[in-house]
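Taking it in order: structure first as structure tokens, then the write-up.
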Amino acid sequence: MTEKQLRIALAGNPNTGKSTVFNALTGLKQHTGNWSGKTVGNAVGYFSLGDWEVALYDLPGIYSLFSESAEERAAKDFICYEEPDMVVVVLDATSLERNLPLGLQVMELTKNVVFCLNLTDEAEKKGITVNHGLLQEMTGVPVVPMAARQGIGLTELKRMLLGIAEGHRRIHPKGIDWAAFVPDTEEDYLSEAYREKRSLAFLERSQAICKAVVRKQEERDRFTERLDKIILSKKTGIPLMLLLLGLVFWITVAGANMPSNFLMQAMNHWGEILRNGLVSLGIPLWLESLLMDGVYLTVSWVVAVMLPPMAIFFPLFTLLEDFGLLPRIAFNLDGLFQKAGAHGKQALTCCMGFGCNAAGVTACRIIESPRERLIAILTNNFVPCNGRFPTLILLAGIFFAQGSPAAAGIFVFLLIVLAVTITLAVSFVLSKTLLKGVPSAFVLELPPYRRPQIGQVILRSVLDRTIFVLGRAITVAIPAGAIIWICQNVEIGGYTLLYGLTVLLEPLGSLMGLSGVILAAFLLGIPANEIVIPILLMVYSQSGMLVEAEGMAQAGAILTANGWTWVTAVCTILFSLNHFPCATTLLTIRKETDSWFWTGVSFLLPTAVGILLCVLVNLLAGIGQLIF
């Protein structure tokens, strides 16, 4: 029998457990992407419902269908123009009055609406009861109580959806009587005053319904209150946040070493098998070297060095989000970003940038204001991603920590503070020059602390974030590996192309306290920041392919033998913190802004800052040497 098709949209406010409902219904049968013509992310999942094959569309988390953010337009357009067979609106039982206006708005657009009253377990703990039968009677819409995290109500929701699909359950929504709100002219209909009156009507209707169906006892979430007194305190909030982020970075860096080594060994083993296969085919030696020592080796470095840190950082980051800490981090940093002329939510995108700047740029979608979203995109690269940490840790350990891991960790932590300071400073300059404007206010909901669902968090963060970013990195690493090989192995007039590039860059490199070789390594490292040091070692060792040092001591010996001093190390660290984004991030910026101009600005802005800082440090070091 041929399966019948059913399209269902899933709508709801942020922090209502909508994603949990989505995951509970669809499991692993999901696909992520963007809404057509928009940069707003979507997710489509699939599950069976009797004889029906259901496609479940997870709409963006929004508060209203009638404001002008990209998320709200995407949700409204899907309901109005894509005409799904049903819309399931997820409501938070702990704060129904805030959630219900969206459900009432959806009722005005389609009659096939189901209310999923989620988080009933949390409502019970807070002494809140919702009479779902009366709610159903007053709205004319089926109401299914749920606690999706525990799987409670899932069967009832499926049964309700099947009944509606089969025509056994008819829905007769009781919407607002708009007779008293009809404007006199079309111009009045489009006016701001009418929009406000319409929004107020939904709010008043929601309040009237909630007054009848919600009962509250005088019970409070004392655990959340006690924890918030510490985490949201002006004295302890930011220090605790810095310690927490420092712990996440330490776990990421320390935990990634062994998997990275294992992956590199595995990639080398597979590479030998592949090389033998190419030799057996009798391909020319130059082509074999191009494919294996250029393309394959570069891709191996990108996979081995990028995958383990991302596979650790993103789940940890998502766990903090699931627990309820990330909104509080944004709350603590909101004042700083507001003073810098930026949006408070930029704090969250910066945190994501520590894992990967491409993911941080994508996360800027949560900022509603186009101007402030652009500021966040342009400045995200000033936050060091996990690809730059190997360079920072190596140079800190060699030149400033004398091999002490603890001292190197403290040094890198101070570099992170410096990076955030530069991010705020550049955001301030942009908000006063190229992107003038007044910081917008925003509603930041602080959800109660919840026990994270560790299994789902790990699975979703790996699939939706880690694999997504790694795929883009490999896409740019393949051609970049070929270019690196060509630069190091193709000679013109007895000199390699790489040598010519280093000679060309030497004057600027010397002015910056670096060298032409170091600048060339950064340029050729554009596919991934992780390969900057291997490129340097390749040049210094006169090898034709990427080279890995056998430890910090050997790397230090190679660098000092080629004229490195503490000034060189400081300037290299500063330029590593402040230089053009990697190719994956540039590609992401192009897709998010749909503009080559802003992509160019994102390339030039951090590079200019890095050059200025390096020149300044080099000049001050030279003056100091003359005086002392």
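Numbering starts fresh at 1 for the residues of each chain in the structure tokens, the chains themselves are lettered A, B, ... in the order given, and ligands are numbered from 1 as they appear.
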- Query: Quick one: residues within 7 Å of segment 381-390 of chain A, only C-alpha atoms counted, chain neighbours fewer than 5 positions away excluded, as a list in words?
  - Reply: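 The contact residues come out as Met306, Pro309, Cys350, Gly353, Phe354, Gly355, Cys356, Asn357, Ala419, Val420, Thr423, Ala528, Asn529, Glu530, Ser576, Leu577, Asn578, Pro581 and Pro606 of chain A.
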Report the closest atom pair, with its distance in Å rounded to one decimal, for each residue of segment 441-536 of chain A that has an atom no farther than 12 Å from segment 107-131 of chain A; count only C-alpha atoms, sort by chain and then rising residue number, and write it as JSON lines.
```
{"residue": "A:Pro447", "atom": "CA", "partner": "A:Glu122", "partner_atom": "CA", "distance": 11.2}
{"residue": "A:Pro448", "atom": "CA", "partner": "A:Glu122", "partner_atom": "CA", "distance": 9.1}
{"residue": "A:Tyr449", "atom": "CA", "partner": "A:Glu122", "partner_atom": "CA", "distance": 10.5}
{"residue": "A:Arg450", "atom": "CA", "partner": "A:Glu122", "partner_atom": "CA", "distance": 9.4}
{"residue": "A:Arg451", "atom": "CA", "partner": "A:Glu122", "partner_atom": "CA", "distance": 11.5}
```
Output for the residues just chosen: all heavy atoms as a PDB file, in the first residue's frame:
```pdb
ATOM      1  N   PRO A 447      15.508  30.861  31.220  1.00  0.00           N
ATOM      2  CA  PRO A 447      14.727  29.662  31.547  1.00  0.00           C
ATOM      3  C   PRO A 447      15.193  29.067  32.869  1.00  0.00           C
ATOM      4  O   PRO A 447      16.303  29.352  33.334  1.00  0.00           O
ATOM      5  CB  PRO A 447      15.048  28.717  30.381  1.00  0.00           C
ATOM      6  CG  PRO A 447      16.411  29.129  29.936  1.00  0.00           C
ATOM      7  CD  PRO A 447      16.470  30.617  30.138  1.00  0.00           C
ATOM      8  N   PRO A 448      14.383  28.242  33.499  1.00  0.00           N
ATOM      9  CA  PRO A 448      14.848  27.562  34.723  1.00  0.00           C
ATOM     10  C   PRO A 448      15.976  26.601  34.387  1.00  0.00           C
ATOM     11  O   PRO A 448      16.108  26.142  33.248  1.00  0.00           O
ATOM     12  CB  PRO A 448      13.601  26.814  35.201  1.00  0.00           C
ATOM     13  CG  PRO A 448      12.767  26.640  33.976  1.00  0.00           C
ATOM     14  CD  PRO A 448      13.017  27.857  33.136  1.00  0.00           C
ATOM     15  N   TYR A 449      16.814  26.321  35.380  1.00  0.00           N
ATOM     16  CA  TYR A 449      17.889  25.347  35.166  1.00  0.00           C
ATOM     17  C   TYR A 449      17.269  23.968  34.980  1.00  0.00           C
ATOM     18  O   TYR A 449      16.367  23.568  35.721  1.00  0.00           O
ATOM     19  CB  TYR A 449      18.841  25.343  36.354  1.00  0.00           C
ATOM     20  CG  TYR A 449      19.582  26.641  36.523  1.00  0.00           C
ATOM     21  CD1 TYR A 449      19.190  27.575  37.477  1.00  0.00           C
ATOM     22  CD2 TYR A 449      20.664  26.953  35.719  1.00  0.00           C
ATOM     23  CE1 TYR A 449      19.864  28.779  37.635  1.00  0.00           C
ATOM     24  CE2 TYR A 449      21.350  28.156  35.860  1.00  0.00           C
ATOM     25  CZ  TYR A 449      20.935  29.059  36.809  1.00  0.00           C
ATOM     26  OH  TYR A 449      21.605  30.246  36.958  1.00  0.00           O
ATOM     27  N   ARG A 450      17.758  23.269  33.948  1.00  0.00           N
ATOM     28  CA  ARG A 450      17.216  21.955  33.641  1.00  0.00           C
ATOM     29  C   ARG A 450      18.346  20.948  33.494  1.00  0.00           C
ATOM     30  O   ARG A 450      19.447  21.301  33.054  1.00  0.00           O
ATOM     31  CB  ARG A 450      16.413  21.996  32.328  1.00  0.00           C
ATOM     32  CG  ARG A 450      15.165  22.865  32.394  1.00  0.00           C
ATOM     33  CD  ARG A 450      14.588  23.089  31.016  1.00  0.00           C
ATOM     34  NE  ARG A 450      13.384  23.928  31.049  1.00  0.00           N
ATOM     35  CZ  ARG A 450      12.991  24.693  30.052  1.00  0.00           C
ATOM     36  NH1 ARG A 450      13.680  24.749  28.946  1.00  0.00           N
ATOM     37  NH2 ARG A 450      11.884  25.413  30.173  1.00  0.00           N
ATOM     38  N   ARG A 451      18.057  19.726  33.824  1.00  0.00           N
ATOM     39  CA  ARG A 451      19.054  18.677  33.647  1.00  0.00           C
ATOM     40  C   ARG A 451      19.223  18.402  32.160  1.00  0.00           C
ATOM     41  O   ARG A 451      18.260  18.058  31.475  1.00  0.00           O
ATOM     42  CB  ARG A 451      18.608  17.405  34.365  1.00  0.00           C
ATOM     43  CG  ARG A 451      19.638  16.287  34.321  1.00  0.00           C
ATOM     44  CD  ARG A 451      19.156  15.100  35.129  1.00  0.00           C
ATOM     45  NE  ARG A 451      17.906  14.577  34.576  1.00  0.00           N
ATOM     46  CZ  ARG A 451      17.182  13.638  35.164  1.00  0.00           C
ATOM     47  NH1 ARG A 451      17.535  13.155  36.341  1.00  0.00           N
ATOM     48  NH2 ARG A 451      16.071  13.206  34.591  1.00  0.00           N
TER      49      ARG A 451
END
```
- Message: Let's see if you can do this: from backbone DSSP, list all helix (DSSP H, G or I) residues in segment 95-147 of chain A, as number ranges by chain.
- Response: A: 95-109, 120-125, 132-139
- Would you kindly return, as an NGL selection string, each protein, DNA or RNA residue with an atom no farther than 12 Å from any atom of segment 80-87 of chain A, considering only C-alpha atoms and excluding same-chain residues fewer than 2 positions away? :A and (5-12 or 35-36 or 54-59 or 65 or 73-78 or 89-90 or 102-116 or 141-142 or 160-167 or 171)
- Query: In terms of the shortest atom-to-atom distance over only C-alpha atoms, which of A:Trp250, A:Phe202, A:Phe66, A:Phe411 is closest to Phe313 of chain A?
  - Reply: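 Answer, going by the shortest atom-to-atom distance: A:Trp250.
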- Task: Quick one: everything within 9 Å of Leu514 of chain A, counting only C-alpha atoms, minus sequence neighbours fewer than 3 positions away in the same chain. Send it as an MDAnalysis selection string.
- Result: chainID A and resid 506 508:511 517:519 564 567:569 571:572 614 618
How would the residues just picked look written out with N, CA, C and O atoms as a PDB file, in the first residue's frame?
```
ATOM      1  N   GLU A 506      58.545  39.847   2.559  1.00  0.00           N
ATOM      2  CA  GLU A 506      59.581  40.108   3.567  1.00  0.00           C
ATOM      3  C   GLU A 506      59.570  41.550   4.094  1.00  0.00           C
ATOM      4  O   GLU A 506      59.688  41.751   5.322  1.00  0.00           O
ATOM      5  N   LEU A 508      57.120  43.782   4.474  1.00  0.00           N
ATOM      6  CA  LEU A 508      56.010  43.946   5.411  1.00  0.00           C
ATOM      7  C   LEU A 508      56.230  43.091   6.649  1.00  0.00           C
ATOM      8  O   LEU A 508      55.975  43.547   7.785  1.00  0.00           O
ATOM      9  N   GLY A 509      56.714  41.863   6.467  1.00  0.00           N
ATOM     10  CA  GLY A 509      56.963  40.980   7.604  1.00  0.00           C
ATOM     11  C   GLY A 509      57.982  41.568   8.556  1.00  0.00           C
ATOM     12  O   GLY A 509      57.813  41.512   9.785  1.00  0.00           O
ATOM     13  N   SER A 510      59.053  42.145   8.038  1.00  0.00           N
ATOM     14  CA  SER A 510      60.088  42.752   8.892  1.00  0.00           C
ATOM     15  C   SER A 510      59.523  43.932   9.665  1.00  0.00           C
ATOM     16  O   SER A 510      59.844  44.133  10.843  1.00  0.00           O
ATOM     17  N   LEU A 511      58.694  44.751   9.011  1.00  0.00           N
ATOM     18  CA  LEU A 511      58.083  45.895   9.693  1.00  0.00           C
ATOM     19  C   LEU A 511      57.188  45.433  10.838  1.00  0.00           C
ATOM     20  O   LEU A 511      57.101  46.109  11.875  1.00  0.00           O
ATOM     21  N   VAL A 517      58.413  34.551   5.510  1.00  0.00           N
ATOM     22  CA  VAL A 517      58.041  33.137   5.651  1.00  0.00           C
ATOM     23  C   VAL A 517      56.803  32.998   6.546  1.00  0.00           C
ATOM     24  O   VAL A 517      55.872  32.237   6.238  1.00  0.00           O
ATOM     25  N   ILE A 518      56.790  33.738   7.657  1.00  0.00           N
ATOM     26  CA  ILE A 518      55.656  33.642   8.590  1.00  0.00           C
ATOM     27  C   ILE A 518      54.379  34.150   7.937  1.00  0.00           C
ATOM     28  O   ILE A 518      53.315  33.521   8.043  1.00  0.00           O
ATOM     29  N   LEU A 519      54.454  35.292   7.225  1.00  0.00           N
ATOM     30  CA  LEU A 519      53.267  35.819   6.555  1.00  0.00           C
ATOM     31  C   LEU A 519      52.784  34.863   5.463  1.00  0.00           C
ATOM     32  O   LEU A 519      51.575  34.667   5.281  1.00  0.00           O
ATOM     33  N   TRP A 564      63.979  33.182  15.379  1.00  0.00           N
ATOM     34  CA  TRP A 564      62.853  33.606  16.203  1.00  0.00           C
ATOM     35  C   TRP A 564      63.326  34.124  17.545  1.00  0.00           C
ATOM     36  O   TRP A 564      64.217  33.543  18.183  1.00  0.00           O
ATOM     37  N   VAL A 567      60.167  38.665  20.569  1.00  0.00           N
ATOM     38  CA  VAL A 567      59.399  39.658  19.811  1.00  0.00           C
ATOM     39  C   VAL A 567      58.676  38.979  18.647  1.00  0.00           C
ATOM     40  O   VAL A 567      57.493  39.258  18.379  1.00  0.00           O
ATOM     41  N   THR A 568      59.387  38.076  17.955  1.00  0.00           N
ATOM     42  CA  THR A 568      58.759  37.325  16.863  1.00  0.00           C
ATOM     43  C   THR A 568      57.557  36.541  17.376  1.00  0.00           C
ATOM     44  O   THR A 568      56.493  36.508  16.744  1.00  0.00           O
ATOM     45  N   ALA A 569      57.740  35.900  18.538  1.00  0.00           N
ATOM     46  CA  ALA A 569      56.658  35.086  19.110  1.00  0.00           C
ATOM     47  C   ALA A 569      55.454  35.957  19.475  1.00  0.00           C
ATOM     48  O   ALA A 569      54.302  35.596  19.179  1.00  0.00           O
ATOM     49  N   CYS A 571      54.578  38.911  18.245  1.00  0.00           N
ATOM     50  CA  CYS A 571      53.932  39.424  17.037  1.00  0.00           C
ATOM     51  C   CYS A 571      53.175  38.317  16.300  1.00  0.00           C
ATOM     52  O   CYS A 571      52.092  38.564  15.746  1.00  0.00           O
ATOM     53  N   THR A 572      53.732  37.106  16.297  1.00  0.00           N
ATOM     54  CA  THR A 572      53.031  35.983  15.657  1.00  0.00           C
ATOM     55  C   THR A 572      51.745  35.663  16.410  1.00  0.00           C
ATOM     56  O   THR A 572      50.698  35.381  15.805  1.00  0.00           O
ATOM     57  N   CYS A 614      51.020  44.541  15.456  1.00  0.00           N
ATOM     58  CA  CYS A 614      52.356  43.959  15.306  1.00  0.00           C
ATOM     59  C   CYS A 614      53.403  45.047  15.060  1.00  0.00           C
ATOM     60  O   CYS A 614      54.507  45.007  15.639  1.00  0.00           O
ATOM     61  N   ASN A 618      56.494  45.833  17.570  1.00  0.00           N
ATOM     62  CA  ASN A 618      57.859  45.754  17.036  1.00  0.00           C
ATOM     63  C   ASN A 618      58.608  47.067  17.233  1.00  0.00           C
ATOM     64  O   ASN A 618      59.797  47.074  17.603  1.00  0.00           O
TER      65      ASN A 618
END
```
- Using the chain letters and numbers from this document, which residues of segment 112-194 of chain A does DSSP assign to strand (DSSP E or B), as a PyMOL selection string? chain A and resi 113-118+128-130+143-145+147+152
Create the file for the chosen residues now, containing N, CA and C atoms and written as a tab-separated table (two decimals), in the first residue's frame.
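Saved result, selection-v7.tsv, follows:
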```tsv
chain	number	residue	atom	x	y	z
A	113	VAL	N	-5.02	23.38	13.88
A	113	VAL	CA	-4.03	23.71	14.92
A	113	VAL	C	-4.20	22.74	16.09
A	114	VAL	N	-3.06	22.33	16.63
A	114	VAL	CA	-3.05	21.51	17.84
A	114	VAL	C	-2.12	22.19	18.84
A	115	PHE	N	-2.59	22.35	20.09
A	115	PHE	CA	-1.74	22.91	21.14
A	115	PHE	C	-1.07	21.77	21.90
A	116	CYS	N	0.25	21.80	21.94
A	116	CYS	CA	1.03	20.83	22.72
A	116	CYS	C	1.44	21.53	24.01
A	117	LEU	N	0.79	21.23	25.11
A	117	LEU	CA	1.05	21.88	26.40
A	117	LEU	C	2.22	21.18	27.07
A	118	ASN	N	3.42	21.67	26.79
A	118	ASN	CA	4.64	21.00	27.23
A	118	ASN	C	5.11	21.51	28.60
A	128	ILE	N	2.03	25.03	39.58
A	128	ILE	CA	1.16	25.58	38.54
A	128	ILE	C	0.35	24.45	37.92
A	129	THR	N	-0.94	24.61	37.83
A	129	THR	CA	-1.80	23.64	37.15
A	129	THR	C	-2.56	24.35	36.04
A	130	VAL	N	-2.68	23.68	34.89
A	130	VAL	CA	-3.40	24.22	33.74
A	130	VAL	C	-4.56	23.29	33.43
A	143	VAL	N	-5.94	20.17	22.82
A	143	VAL	CA	-4.82	20.43	23.71
A	143	VAL	C	-4.30	19.09	24.24
A	144	VAL	N	-2.99	18.85	24.06
A	144	VAL	CA	-2.38	17.61	24.52
A	144	VAL	C	-1.33	17.95	25.58
A	145	PRO	N	-1.56	17.61	26.86
A	145	PRO	CA	-0.54	17.85	27.89
A	145	PRO	C	0.66	16.94	27.66
A	147	ALA	N	5.10	16.12	28.77
A	147	ALA	CA	6.41	16.36	29.37
A	147	ALA	C	7.39	15.65	28.44
A	152	ILE	N	6.34	11.73	28.15
A	152	ILE	CA	4.94	11.70	28.59
A	152	ILE	C	4.08	12.50	27.61
```
- Message: Applying 8 Å and only C-alpha atoms, which residues near Arg371 of chain A remain after dropping the ones on its own chain fewer than 4 positions away? List them as a PyMOL selection string.
- Response: chain A and resi 375+435+437
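The space between atom CA of His343 of chain A and atom CA of Pro315 of chain A spans 25.0 Å.
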- Task: Please provide the set of residues having any atom within 12 Å of segment 225-237 of chain A, restricted to only C-alpha atoms, with same-chain residues fewer than 2 positions apart removed, written as a ChimeraX atom specification.
- Result: /A:219-223,239-244,324-335,446-449
